[in-house]
>>> print(open('coords.csv').read())   # CSV, C-alpha atoms and all ligand atoms
chain,number,residue,atom,x,y,z
J,27,MET,CA,125.2,-138.6,113.0
J,28,GLU,CA,121.8,-137.7,111.6
J,29,TRP,CA,118.2,-138.2,112.4
J,30,ILE,CA,115.1,-137.4,110.3
J,31,PHE,CA,111.8,-137.4,112.1
J,32,SER,CA,108.2,-136.3,112.0
J,33,GLN,CA,106.3,-135.1,115.1
J,34,GLU,CA,105.0,-138.6,115.6
J,35,GLU,CA,108.5,-140.0,115.5
J,36,LEU,CA,109.8,-137.7,118.2
J,37,PRO,CA,109.6,-140.2,121.1
J,38,ALA,CA,111.5,-142.9,119.2
J,39,THR,CA,114.0,-140.3,118.0
J,40,ALA,CA,114.6,-139.1,121.5
J,41,GLU,CA,115.3,-142.7,122.7
J,42,SER,CA,117.8,-143.2,119.9
J,43,PHE,CA,119.5,-139.9,120.6
J,44,TRP,CA,120.1,-140.8,124.3
J,45,GLN,CA,121.4,-144.2,123.3
J,46,HIS,CA,123.9,-142.5,121.1
J,47,TYR,CA,124.8,-139.7,123.6
J,48,LYS,CA,124.7,-141.6,126.9
J,49,GLU,CA,127.9,-140.0,128.2
J,50,GLN,CA,127.6,-136.5,126.8
J,51,ARG,CA,126.6,-133.6,129.0
J,52,ILE,CA,126.7,-130.4,127.0
J,53,PHE,CA,125.0,-129.8,123.7
J,54,THR,CA,124.5,-126.7,121.6
J,55,LEU,CA,121.3,-126.6,119.6
J,56,GLU,CA,121.0,-124.3,116.6
J,57,GLY,CA,118.4,-123.8,113.9
J,58,PRO,CA,116.0,-121.2,112.7
J,59,MET,CA,112.8,-120.1,114.6
J,60,GLY,CA,110.2,-122.8,114.2
J,61,ALA,CA,112.7,-125.5,113.5
J,62,GLY,CA,111.5,-127.5,116.5
J,63,LYS,CA,114.2,-126.9,119.0
J,64,THR,CA,111.9,-126.5,122.0
J,65,THR,CA,109.8,-129.4,120.9
J,66,PHE,CA,112.9,-131.6,120.6
J,67,VAL,CA,114.2,-130.7,124.0
J,68,LYS,CA,110.8,-131.6,125.5
J,69,ALA,CA,110.9,-135.0,123.8
J,70,LEU,CA,114.4,-135.6,125.2
J,71,CYS,CA,113.2,-134.7,128.6
J,72,ALA,CA,110.2,-137.0,128.4
J,73,ALA,CA,112.4,-139.9,127.2
J,74,ARG,CA,114.5,-139.5,130.4
J,75,GLY,CA,111.4,-139.5,132.6
J,76,VAL,CA,110.8,-135.8,133.2
J,77,GLU,CA,107.2,-135.7,134.3
J,78,ASP,CA,106.3,-132.1,133.5
J,79,ALA,CA,108.4,-130.5,130.8
J,80,THR,CA,106.4,-127.3,130.4
J,81,ALA,CA,108.6,-124.2,130.4
J,82,SER,CA,108.1,-121.6,133.1
J,83,PRO,CA,105.3,-119.2,132.0
J,84,THR,CA,107.5,-116.1,132.3
J,85,PHE,CA,110.4,-115.8,129.9
J,86,SER,CA,113.5,-117.3,131.4
J,87,ILE,CA,117.0,-117.9,130.2
J,88,ILE,CA,117.4,-121.2,132.0
J,89,ASN,CA,114.7,-123.8,132.4
J,90,GLU,CA,115.5,-126.8,134.6
J,91,TYR,CA,113.8,-130.2,134.2
J,92,ALA,CA,114.4,-132.8,136.9
J,93,PHE,CA,114.3,-136.6,136.7
J,94,THR,CA,115.5,-139.5,138.7
J,95,GLU,CA,117.6,-142.3,137.3
J,96,ASP,CA,119.1,-145.1,139.3
J,97,GLY,CA,118.0,-143.4,142.5
J,98,GLN,CA,119.9,-140.3,141.6
J,99,GLN,CA,118.5,-136.8,140.9
J,100,HIS,CA,119.5,-135.4,137.5
J,101,SER,CA,118.6,-132.2,135.7
J,102,ILE,CA,118.3,-131.2,132.1
J,103,TYR,CA,118.8,-127.5,131.5
J,104,HIS,CA,117.5,-125.7,128.5
J,105,LEU,CA,119.3,-122.5,128.0
J,106,ASP,CA,118.1,-119.8,125.6
J,107,LEU,CA,120.8,-117.1,125.4
J,108,TYR,CA,119.1,-115.1,122.6
J,109,ARG,CA,118.4,-112.0,124.8
J,110,LEU,CA,121.8,-111.9,126.4
J,111,LYS,CA,124.5,-109.5,125.2
J,112,ASP,CA,127.8,-111.1,126.1
J,113,GLU,CA,129.6,-113.7,128.3
J,114,GLU,CA,129.5,-111.5,131.3
J,115,GLU,CA,125.7,-111.3,131.2
J,116,ALA,CA,125.6,-115.0,130.7
J,117,ILE,CA,127.7,-115.7,133.7
J,118,ALA,CA,125.6,-113.2,135.8
J,119,ALA,CA,122.5,-115.2,134.7
J,120,GLY,CA,124.0,-118.4,136.1
J,121,VAL,CA,125.1,-120.1,132.9
J,122,GLU,CA,128.5,-121.2,134.1
J,123,ASP,CA,127.1,-122.8,137.3
J,124,THR,CA,124.7,-124.7,135.2
J,125,LEU,CA,127.2,-126.0,132.8
J,126,TYR,CA,129.6,-127.4,135.4
J,127,ARG,CA,127.0,-128.8,137.9
J,128,ASP,CA,127.1,-132.5,138.7
J,129,HIS,CA,124.4,-134.7,137.2
J,130,ALA,CA,123.5,-132.0,134.8
J,131,ILE,CA,122.8,-132.1,131.0
J,132,SER,CA,122.5,-128.8,129.1
J,133,PHE,CA,121.0,-127.8,125.8
J,134,ILE,CA,122.1,-124.4,124.7
J,135,GLU,CA,120.3,-122.2,122.1
J,136,TRP,CA,122.2,-119.2,120.8
J,137,PRO,CA,125.5,-120.4,122.3
J,138,ASP,CA,127.9,-118.0,120.5
J,139,ILE,CA,128.4,-115.6,123.4
J,140,ILE,CA,129.6,-118.4,125.6
J,141,SER,CA,131.8,-120.3,123.2
J,142,ASP,CA,134.8,-119.7,125.4
J,143,LEU,CA,133.1,-121.4,128.3
J,144,LEU,CA,132.1,-124.6,126.5
J,145,PRO,CA,134.2,-127.7,127.0
J,146,THR,CA,135.9,-129.2,124.0
J,147,ASP,CA,133.7,-132.2,124.0
J,148,THR,CA,130.5,-130.1,123.5
J,149,VAL,CA,128.2,-131.8,121.0
J,150,ARG,CA,127.0,-129.3,118.3
J,151,LEU,CA,123.5,-130.0,117.1
J,152,GLN,CA,121.8,-128.4,114.0
J,153,LEU,CA,118.1,-128.7,113.5
J,154,SER,CA,116.4,-127.8,110.3
J,155,VAL,CA,113.1,-128.2,108.4
J,156,LEU,CA,112.8,-130.4,105.3
J,157,PRO,CA,110.4,-129.7,102.4
J,158,ASP,CA,108.0,-132.3,103.7
J,159,LYS,CA,108.0,-130.7,107.1
J,160,LYS,CA,110.0,-133.4,108.8
J,161,ARG,CA,113.0,-132.3,110.8
J,162,VAL,CA,116.6,-133.2,110.4
J,163,LEU,CA,119.0,-133.2,113.3
J,164,ARG,CA,122.6,-133.2,112.5
J,165,ALA,CA,125.5,-133.6,114.9
J,166,GLY,CA,129.1,-132.7,114.5
E,1,LIG,N1,109.6,-133.2,114.2
E,1,LIG,C1,108.7,-132.4,113.9
E,1,LIG,N2,107.9,-132.6,112.8
E,1,LIG,C2,106.9,-131.7,112.4
E,1,LIG,N3,106.6,-130.6,113.1
E,1,LIG,C3,107.4,-130.3,114.2
E,1,LIG,C4,108.4,-131.2,114.6
E,1,LIG,N4,109.0,-130.6,115.7
E,1,LIG,C5,108.3,-129.5,115.9
E,1,LIG,N5,107.4,-129.3,115.0
E,1,LIG,C6,106.4,-128.1,115.0
E,1,LIG,O1,107.2,-126.9,114.7
E,1,LIG,C7,106.7,-125.8,115.4
E,1,LIG,C8,107.8,-125.0,116.1
E,1,LIG,O2,108.4,-125.8,117.1
E,1,LIG,P1,109.3,-125.1,118.2
E,1,LIG,O3,109.8,-126.3,119.0
E,1,LIG,O4,108.6,-124.1,119.0
E,1,LIG,O5,110.5,-124.4,117.4
E,1,LIG,P2,111.8,-123.6,117.9
E,1,LIG,O6,111.9,-123.8,119.4
E,1,LIG,O7,112.9,-124.1,117.1
E,1,LIG,O8,111.4,-122.1,117.6
E,1,LIG,C9,105.7,-126.3,116.4
E,1,LIG,O9,104.4,-126.0,115.9
E,1,LIG,C10,105.8,-127.8,116.3
E,1,LIG,O10,104.6,-128.5,116.5
E,2,MG,MG,112.0,-122.4,121.0
>>> encode(input="coords.csv", output="structure tokens")
Amino acid sequence: MEWIFSQEELPATAESFWQHYKEQRIFTLEGPMGAGKTTFVKALCAARGVEDATASPTFSIINEYAFTEDGQQHSIYHLDLYRLKDEEEAIAAGVEDTLYRDHAISFIEWPDIISDLLPTDTVRLQLSVLPDKKRVLRAG
């Protein structure tokens, strides 16, 4: 699966992404600094009805965004493991609890240290910048 999109095309891309990944819960998200990872997660949050997808002002490893769907509370977690050393530190930070919570969807940046914790149906996403500044998102 592949999407190519400009900043203006983000909302439509996010809609299409969710149509494709309705049942998936855990995604890794890789790509260089400035690729647009944070921007993309915010667009995905907005498409599900998250009202305020601003990250917490202080640096945090796990940001949670809540939305309601069919009368049920759900959360999208954005995990940035860049500053963590190993799996033990990740577990201490609450990563495992987040991954296996009900009604939770997770996007994980810098997932290598927790590769043993990830379920086999984890969707692996790669984001990169094209010469014309559009972004390409590849899955699989
Ligand atoms: N689809 C896109 N098309 C063009 N520019 C984008 C797109 N997505 C993000 N950007 C721009 O790229 C810059 C970096 O985005 P950011 O989400 O902070 O990257 P990352 O989290 O991967 O480091 C921002 O200035 C943002 O406006
Ligand atoms: Mg970022």
>>> residues_near_ligand(input="coords.csv", ligand="ligand MG 2 (chain E)", cutoff="7 Å", atoms="all atoms listed in the file", output="list in words")
Met59, Gly62, Lys63 and Thr64 of chain J
>>> residues_around(input="coords.csv", residues="region 125-133 of chain J", least_positions_apart="5", cutoff="10 Å", atoms="all atoms listed in the file", output="PyMOL selection string")
chain J and resi 49-56+63-64+67+88-92+98-106+120+143-145+148-151
>>> atom_distance(input="coords.csv", atom1="atom O3 of ligand LIG 1 (chain E)", atom2="CA of Lys68 (chain J)")
8.4 Å
>>> atom_distance(input="coords.csv", atom1="CA of Arg74 (chain J)", atom2="CA of Asp158 (chain J)")
28.4 Å
>>> residues_near_ligand(input="coords.csv", ligand="ligand LIG 1 (chain E)", cutoff="9 Å", atoms="only C-alpha atoms and all ligand atoms", output="PyMOL selection string")
chain J and resi 30-36+56-68+135+153-155+158-162
>>> atom_distance(input="coords.csv", atom1="CA of Tyr47 (chain J)", atom2="CA of Asp123 (chain J)")
21.9 Å
>>> residues_around(input="coords.csv", residues="Tyr108 (chain J)", least_positions_apart="5", cutoff="9 Å", atoms="all atoms listed in the file", output="PDB file with C-alpha atoms, keeping the file's coordinate frame")
ATOM      1  CA  ILE J  87     117.000-117.900 130.200  1.00  0.00           C
ATOM      2  CA  GLU J 135     120.300-122.200 122.100  1.00  0.00           C
ATOM      3  CA  TRP J 136     122.200-119.200 120.800  1.00  0.00           C
ATOM      4  CA  PRO J 137     125.500-120.400 122.300  1.00  0.00           C
TER       5      PRO J 137
END
>>> closest_residue(input="coords.csv", among="J:Ala38, J:Leu156, J:Ala79, J:Leu107", to="Ile134 (chain J)", atoms="only C-alpha atoms")
J:Leu107
>>> closest_residue(input="coords.csv", among="J:Ala118, J:Met27, J:Ile140, J:Leu110", to="Ser42 (chain J)", atoms="all atoms listed in the file")
J:Met27
>>> residues_around(input="coords.csv", residues="Gly75 (chain J)", least_positions_apart="4", cutoff="8 Å", atoms="all atoms listed in the file", output="compact mmCIF listing (two decimals) with C-alpha atoms, keeping the file's coordinate frame")
# COMPACT_ATOMS: atom_id res chain seq x y z
CA CYS J 71 113.20 -134.70 128.60
CA PHE J 93 114.30 -136.60 136.70
CA THR J 94 115.50 -139.50 138.70
>>> closest_residue(input="coords.csv", among="J:Pro37, J:Phe43, J:Gly97, J:Ser86", to="Ala165 (chain J)", atoms="all atoms listed in the file")
J:Phe43
>>> decode(input="coords.csv", residues="region 111-152 of chain J", atoms="C-alpha atoms", output="mmCIF file, in the first residue's frame")
data_model
loop_
_atom_site.group_PDB
_atom_site.id
_atom_site.type_symbol
_atom_site.label_atom_id
_atom_site.label_comp_id
_atom_site.auth_asym_id
_atom_site.auth_seq_id
_atom_site.Cartn_x
_atom_site.Cartn_y
_atom_site.Cartn_z
ATOM 1 C CA LYS J 111 17.782 2.843 25.860
ATOM 2 C CA ASP J 112 16.206 -0.605 25.876
ATOM 3 C CA GLU J 113 13.080 -2.696 26.349
ATOM 4 C CA GLU J 114 13.297 -2.480 30.125
ATOM 5 C CA GLU J 115 13.200 1.334 29.997
ATOM 6 C CA ALA J 116 10.304 1.176 27.549
ATOM 7 C CA ILE J 117 8.302 -1.083 29.848
ATOM 8 C CA ALA J 118 9.054 1.195 32.809
ATOM 9 C CA ALA J 119 7.707 4.112 30.741
ATOM 10 C CA GLY J 120 4.397 2.265 30.290
ATOM 11 C CA VAL J 121 4.775 1.177 26.679
ATOM 12 C CA GLU J 122 3.554 -2.380 27.187
ATOM 13 C CA ASP J 123 0.401 -1.245 29.002
ATOM 14 C CA THR J 124 -0.344 1.117 26.150
ATOM 15 C CA LEU J 125 0.073 -1.517 23.441
ATOM 16 C CA TYR J 126 -2.316 -4.006 24.991
ATOM 17 C CA ARG J 127 -5.000 -1.648 26.260
ATOM 18 C CA ASP J 128 -8.547 -2.133 24.908
ATOM 19 C CA HIS J 129 -9.820 0.424 22.406
ATOM 20 C CA ALA J 130 -6.302 1.682 21.825
ATOM 21 C CA ILE J 131 -4.465 2.391 18.595
ATOM 22 C CA SER J 132 -0.707 3.036 18.742
ATOM 23 C CA PHE J 133 1.792 4.695 16.419
ATOM 24 C CA ILE J 134 5.366 4.009 17.460
ATOM 25 C CA GLU J 135 8.390 6.001 16.382
ATOM 26 C CA TRP J 136 11.845 4.404 16.883
ATOM 27 C CA PRO J 137 10.320 0.966 17.588
ATOM 28 C CA ASP J 138 13.501 -1.144 17.401
ATOM 29 C CA ILE J 139 14.003 -1.496 21.163
ATOM 30 C CA ILE J 140 10.543 -3.014 21.588
ATOM 31 C CA SER J 141 10.511 -5.285 18.552
ATOM 32 C CA ASP J 142 10.038 -8.323 20.824
ATOM 33 C CA LEU J 143 6.894 -6.775 22.334
ATOM 34 C CA LEU J 144 5.162 -6.064 19.036
ATOM 35 C CA PRO J 145 2.421 -8.414 17.824
ATOM 36 C CA THR J 146 2.977 -10.195 14.521
ATOM 37 C CA ASP J 147 0.220 -8.197 12.831
ATOM 38 C CA THR J 148 1.942 -4.869 13.523
ATOM 39 C CA VAL J 149 1.721 -2.641 10.443
ATOM 40 C CA ARG J 150 5.101 -1.169 9.487
ATOM 41 C CA LEU J 151 4.887 2.304 7.973
ATOM 42 C CA GLN J 152 7.701 4.214 6.256
#
